[in-house]
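Undergrad: Structure provided below as structure tokens; questions to follow.
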2 protein chains.
Amino acid sequence: MKIPLTRSIFFTGFMATGKSRIGTLTAASLGWKFFDTDKLVEERAGKSVADIFATEGEPAFRALEMDALKSICGQGPMVASLGGGTLLNPGALELVRRHGVLVNLYAAPEVILERVNRKKESRPLLAGLDDTAKLARIKDMLAARQPVYDLADHKFESGEDTPHHSITRRIIHRLQIEELDPLWVELAERRYPIYIAEDLAGHADSIAEKVGASREAVIVSDQPIKAAQGPMLETLRHALRGAPTFYWRGGEQEKTLASVQKLLTWMLRKNCSRKTVIFAAGGGVVGDMAGFAASVFMRGVDFIQVPTTLLAMVDSSVGGKTGVNHPLGKNLIGAFHQPRAVIISLSALDTLPRGEFLAGLAEVAKYAVIRDDGLFDYLMDNAEAVLARDPGAMRHIIRTSCAIKAAVVGKDEREQTAGGRDVLNYGHTFGHAFEYLAGYRDLPHGLAVALGMRCAARLSVLTGMWTEAEEARHNALLDRLDMPSRFTGRFDAEKAWDATGRDKKADSERRVFILPRRIGAVETVVNPPRDAVIAAFESVAGASGTAAGKGEHP
Amino acid sequence: MKIPLTRSIFFTGFMATGKSRIGTLTAASLGWKFFDTDKLVEERAGKSVADIFATEGEPAFRALEMDALKSICGQGPMVASLGGGTLLNPGALELVRRHGVLVNLYAAPEVILERVNRKKESRPLLAGLDDTAKLARIKDMLAARQPVYDLADHKFESGEDTPHHSITRRIIHRLQIEELDPLWVELAERRYPIYIAEDLAGHADSIAEKVGASREAVIVSDQPIKAAQGPMLETLRHALRGAPTFYWRGGEQEKTLASVQKLLTWMLRKNCSRKTVIFAAGGGVVGDMAGFAASVFMRGVDFIQVPTTLLAMVDSSVGGKTGVNHPLGKNLIGAFHQPRAVIISLSALDTLPRGEFLAGLAEVAKYAVIRDDGLFDYLMDNAEAVLARDPGAMRHIIRTSCAIKAAVVGKDEREQTAGGRDVLNYGHTFGHAFEYLAGYRDLPHGLAVALGMRCAARLSVLTGMWTEAEEARHNALLDRLDMPSRFTGRFDAEKAWDATGRDKKADSERRVFILPRRIGAVETVVNPPRDAVIAAFESVAGASGTAAGKGEHP
């Protein structure tokens, strides 16, 4: 994927830090022109820089240099390598900042010396010195110029072992990240960005750098992701300088404390430290487990989420819930541990099975109904593009969904406020009952929630909270998004009623339902009439139900 | 233990909430007088309240009532039961607040009705009514008087199933907690108190109530504590209304994720919820594991520490570090999870083995050297009382130690600042080396630290940071506190040197030592000369060393 860059790139740096070579490669990669201010001046003056200094004096050279700088600034986005003193000209820095970004390339003095000696280029400033004296001179000059280099927007080490094209890639990726406008999740103590673009795996290092995470990375994923998204994982690993990668087998039944301990042991064997950052590449299970591991490894390390399913993108990206299951119940062991950043690569959706895609889409529809009639209308008007997983449409609905969840969660970060995170359970009380009736097989959670939303809409009509016209509009969206409209398992009103009293958010005699009042607004309703609840169930299930596992689930 | 109460107790509450009975019991328990304002007025007037109202009018009654209140307020600390309207007199509330605390007793209207009917006392206000009308009248009157009851400093339910003496005990315990002046540990987000007194296990419920923890408690301990401190655990369990108690077998080798999972499973079987508060009664291992369990059970529940060793009291009470060991290293899995409160019962020290006591005392000496010459002088002057575990001396040194650790940790809560928590490692770089040389057997950590402190003091002389006179004063304290002065294991200079580079806080080629500059101030020194380090080791070890496991360790 190309994230277009729009601003010129000005390289500054000491001799032998690769300004020309990396500048040329950068320009070539972007299809832009490349300029070297010293060479421009020489071409225009028809003599060498040394000659200009000797015959016309420094002020004349500086004037020529500024002319050159002004002329290239006018030539649209381009790449330039600046002479050592260019930025000392009055007005030069302002000119550079107005037209682009300033990038400093640096290297250790010893590396510079080695390069200078190897290249045998004429370096008048070092002429006639032995290596010890050269190194001392280099260090002196570096110290003198450091204040100018410190003005740079970005700094990149042009190290001994890093090929120039790798540095070029890093620079472009880093500048592309600056072009993106992430969604910021604001928390009580800090904030983190969610980056959403077509293909971001290759930018993982730039995003980590941007948020201040260390470069000591490991990747955690699972076998199904490896099978479906192998190239993405390779890109991620490459971007993270060959970071070691751990794979679980995959699946909810593996979501245990023992599996987390396996990861922790692996991390210790890989000499991970308190500085390690864990990249969790996968669906909800991988994110929950890797996030929990991050929260307990040496009492807490950073983690960055790279969700690969739509559900994980719109649900797990926000909220900080991490954890594992216990034989006695789901998600009973865990921690609140917020990621440092979330990287959503829309291309991961290309290989997502249709059922999983729709399960995530049900959550998107849920966000629309509970909080955002604008998103509702957008989904209505763009259902085809959404179902075709059009990147533009996906970007919009994922970002909007994350923003809604962030707004809800921000008020109730640790789930301690009544009427806080509850609204996110829209469709869930009915949905859980359907999952229970289906024996937790054959009916994915997201689709159970979609059925539950229809029941909630019905119950809202039956309790006089909204009209049948509104219910019809609500259900029309679910239809357009190919959500199921009937529960095809065996329906038992008594069991369904009991199940609504067994929800983990409910006390035994306190049934809590989130019901819509209009599109974009819901209310908590406690203990609605039993008859109405059963009638709501029967609007999508009932006597016509056939055996579980058959029927209309996509 | 008796925490003396100094302020009068005034009971207010509706009819049949036990004001007289509980007031009488409270007074008896404290050895104080008990007064009933209505009865006092009747005695003085020579006629019943109803007669006074009828013959002299309400204003006359109110005047008599205020006279009675004033006269009892003058009679030193006492217990009084106030009439229903007493607090409505102008000035009455101020008088009560000036002389004591106001305690409200309450009960459900149904309980009140039942008691009134059972006692067959004359209740003119309810005369001639059937039960339905009586209940309605009770509810009306309760609602009218609620604003007065809401003025109370404390409220206690006089429930149907709670014996009056239990309520009395709770009231006294709660008021005793108010008399204590806890040490507050101030954190970025919140604060928690450390209560230190001779015998506080019976006050656990009052402290939990004071800090706003729920009444849904479990106790976590281990078998050695059960053997040594059985009565304390029984008192704790009784105070917590028979809270279920979980016991680990005990010992560092049990400090694993699997052991934590056992506790989590047990908690789920006991129907613990997000509201559960875990009381961790034991040494450092119990505290670390129970605290970690609290941090991950349903993504975090409250815990209250009840440390039973001196080391746990002065070290684990502050800092929020919880966790377990991994086969590849100590404390590698864990979380920062702060307790809601710490309850230090000094009587727990009575049964502590001498070696464990001295190990804790070494840490106290460490706090004195790194931060507090006042504590240093106190230990010097009161060494005998300290070694005799005199409660007054223990209270002072524990409180001071916790305050020092709180001040250090407060600046570096999550161990992310260089030069922050580091100073707490005084004596540890050498100490860890001694533990390594002793094969992690026979030399308790605290005593290794004491030896390490002597080495650090020597190294400080050798590097010119302080004088031999100051070193002598430093070591004189360690001598007075019966700390070991020689490492009796086999000493190998090469291995010792290597071990100082293997400390978890050090990089391989970066040896970090905390060295004293004067009593009360230390500095971080990186990579001191090898010869000086070995000479420091040899000041307490060397050629004269005998086989490990023998010698002077107490």
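As shown in the structure tokens, the chain order sets the letters A, B, ...; within each chain, residues go from 1, and ligands are also counted from 1 in the order they appear.
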Quick one: DSSP strand (DSSP E or B) residues in region 229-299 of chain B, as a list in words?

TA: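 The strand (DSSP E or B) subset of region 229-299 of chain B is Thr245, Phe246, Tyr247, Trp248, Val277, Ile278, Phe279, Ala280, Ala281, Gly282 and Phe297 of chain B.
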
Undergrad: List every residue of region 43-248 of chain A that DSSP, applied to the backbone of this structure, places in helix (DSSP H, G or I), and write the result as a PyMOL selection string.

TA: chain A and resi 43-45+49-56+58-73+86-88+92-99+109-119+124-126+131-149+164-179+201-210+223-228+230-239

Undergrad: What's the separation between CA of His164 (chain B) and CA of Cys73 (chain B), in Å to one decimal place?

TA: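 For CA of His164 (chain B) relative to CA of Cys73 (chain B), the distance reads 25.0 Å.
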
Undergrad: Tell me, as a ChimeraX atom specification, which residues lie within 8 Å of Leu25 (chain A), counting only C-alpha atoms; anything in the same chain fewer than 3 positions away does not count.

TA: /A:21-22,28-29,165,168

Undergrad: Put those residues in a file: C-alpha atoms, as a tab-separated table (two decimals), in the first residue's frame.

TA:
```tsv
chain	number	residue	atom	x	y	z
A	21	ARG	CA	23.01	7.90	-1.57
A	22	ILE	CA	20.02	7.65	0.76
A	28	ALA	CA	13.75	7.28	-6.67
A	29	SER	CA	11.39	5.36	-4.44
A	165	HIS	CA	17.87	0.73	1.03
A	168	THR	CA	15.48	4.48	2.96
```

Undergrad: As an exercise, work out the distance from CA of Leu358 (chain A) to CA of Ala521 (chain A) in Å and give it to one decimal place.

TA: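 For CA of Leu358 (chain A) relative to CA of Ala521 (chain A), the distance reads 22.9 Å.
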
Undergrad: For Ala541 (chain A), work out the shell of residues within 10 Å, counting only C-alpha atoms and skipping chain neighbours fewer than 5 positions away, then give it as JSON, numbers by chain.

TA: {"A": [434, 451, 455, 485, 486, 487, 488, 489, 490, 491, 492, 493, 534, 535, 536, 546]}

Undergrad: Would you give me, as a Markdown table, each residue of chain B having an atom within 12 Å of an atom of chain A, along with its shortest atom pair and that distance in Å to one decimal, using only C-alpha atoms and sorting by chain and residue number?

TA:
```
| residue | atom | partner | partner_atom | distance |
| --- | --- | --- | --- | --- |
| B:Ala188 | CA | A:Glu189 | CA | 10.0 |
| B:Glu189 | CA | A:Glu189 | CA | 9.2 |
| B:Thr256 | CA | A:Gln261 | CA | 10.5 |
| B:Leu257 | CA | A:Gln261 | CA | 8.0 |
| B:Ala258 | CA | A:Ala258 | CA | 8.5 |
| B:Ser259 | CA | A:Leu257 | CA | 11.7 |
| B:Val260 | CA | A:Leu257 | CA | 10.3 |
| B:Gln261 | CA | A:Leu257 | CA | 8.0 |
| B:Lys262 | CA | A:His326 | CA | 11.0 |
| B:Leu263 | CA | A:Ile333 | CA | 11.5 |
| B:Leu264 | CA | A:Ile333 | CA | 8.1 |
| B:Thr265 | CA | A:Leu328 | CA | 7.8 |
| B:Trp266 | CA | A:Leu328 | CA | 10.5 |
| B:Met267 | CA | A:Leu328 | CA | 10.7 |
| B:Leu268 | CA | A:Leu328 | CA | 7.2 |
| B:Arg269 | CA | A:Leu328 | CA | 8.3 |
| B:Lys270 | CA | A:Leu328 | CA | 11.6 |
| B:Asn271 | CA | A:Leu328 | CA | 10.6 |
| B:Cys272 | CA | A:Leu332 | CA | 10.9 |
| B:Ser273 | CA | A:Leu332 | CA | 9.8 |
| B:Arg274 | CA | A:Gln416 | CA | 9.8 |
| B:Lys275 | CA | A:Gln416 | CA | 10.5 |
| B:Asp288 | CA | A:Arg299 | CA | 11.8 |
| B:Phe292 | CA | A:Val296 | CA | 9.2 |
| B:Ala293 | CA | A:Ile333 | CA | 8.8 |
| B:Ala294 | CA | A:Ile333 | CA | 9.8 |
| B:Ser295 | CA | A:Ala335 | CA | 6.9 |
| B:Val296 | CA | A:Gly334 | CA | 4.7 |
| B:Phe297 | CA | A:Ile333 | CA | 5.0 |
| B:Met298 | CA | A:Leu332 | CA | 4.7 |
| B:Arg299 | CA | A:Ala335 | CA | 4.1 |
| B:Gly300 | CA | A:Ala335 | CA | 6.4 |
| B:Val301 | CA | A:Ala335 | CA | 10.2 |
| B:Gly320 | CA | A:Arg299 | CA | 10.3 |
| B:Lys321 | CA | A:Arg299 | CA | 7.8 |
| B:Thr322 | CA | A:Arg299 | CA | 7.9 |
| B:Gly323 | CA | A:Arg299 | CA | 7.6 |
| B:Val324 | CA | A:Met298 | CA | 9.9 |
| B:Asn325 | CA | A:Met298 | CA | 10.1 |
| B:His326 | CA | A:Thr265 | CA | 7.8 |
| B:Pro327 | CA | A:Thr265 | CA | 8.5 |
| B:Leu328 | CA | A:Leu268 | CA | 7.2 |
| B:Gly329 | CA | A:Leu268 | CA | 8.9 |
| B:Lys330 | CA | A:Met298 | CA | 9.7 |
| B:Asn331 | CA | A:Met298 | CA | 7.2 |
| B:Leu332 | CA | A:Met298 | CA | 4.7 |
| B:Ile333 | CA | A:Phe297 | CA | 5.0 |
| B:Gly334 | CA | A:Arg299 | CA | 4.5 |
| B:Ala335 | CA | A:Arg299 | CA | 4.1 |
| B:Phe336 | CA | A:Arg299 | CA | 6.1 |
| B:His337 | CA | A:Arg299 | CA | 9.4 |
| B:Glu413 | CA | A:Arg299 | CA | 11.9 |
| B:Arg414 | CA | A:Arg299 | CA | 8.8 |
| B:Glu415 | CA | A:Arg299 | CA | 10.0 |
| B:Gln416 | CA | A:Arg274 | CA | 9.8 |
| B:Lys504 | CA | A:Ser273 | CA | 10.3 |
| B:Lys505 | CA | A:Arg274 | CA | 11.0 |
| B:Asp507 | CA | A:Ser273 | CA | 11.4 |
```

Undergrad: Could you give me, as a list in words, the residues within 12 Å of Leu375 (chain B), counting only C-alpha atoms and dropping anything in the same chain fewer than 6 positions from it?

TA: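 Skipping anything fewer than 6 positions along the chain leaves Val364, Ala365, Lys366, Tyr367, Ala368, Val369, Asp381, Asn382, Ala383, Ala393, Met394, His396, Ile397, Ile398, Arg399, Thr400, Ser401, Cys402, Ala403, Ile404, Leu477, Ile519 and Gly520 of chain B.
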
Undergrad: So what do you get for CA of Gly452 (chain A) versus CA of Thr351 (chain A), distance-wise?

TA: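 We find that CA of Gly452 (chain A) and CA of Thr351 (chain A) lie 27.2 Å from each other.
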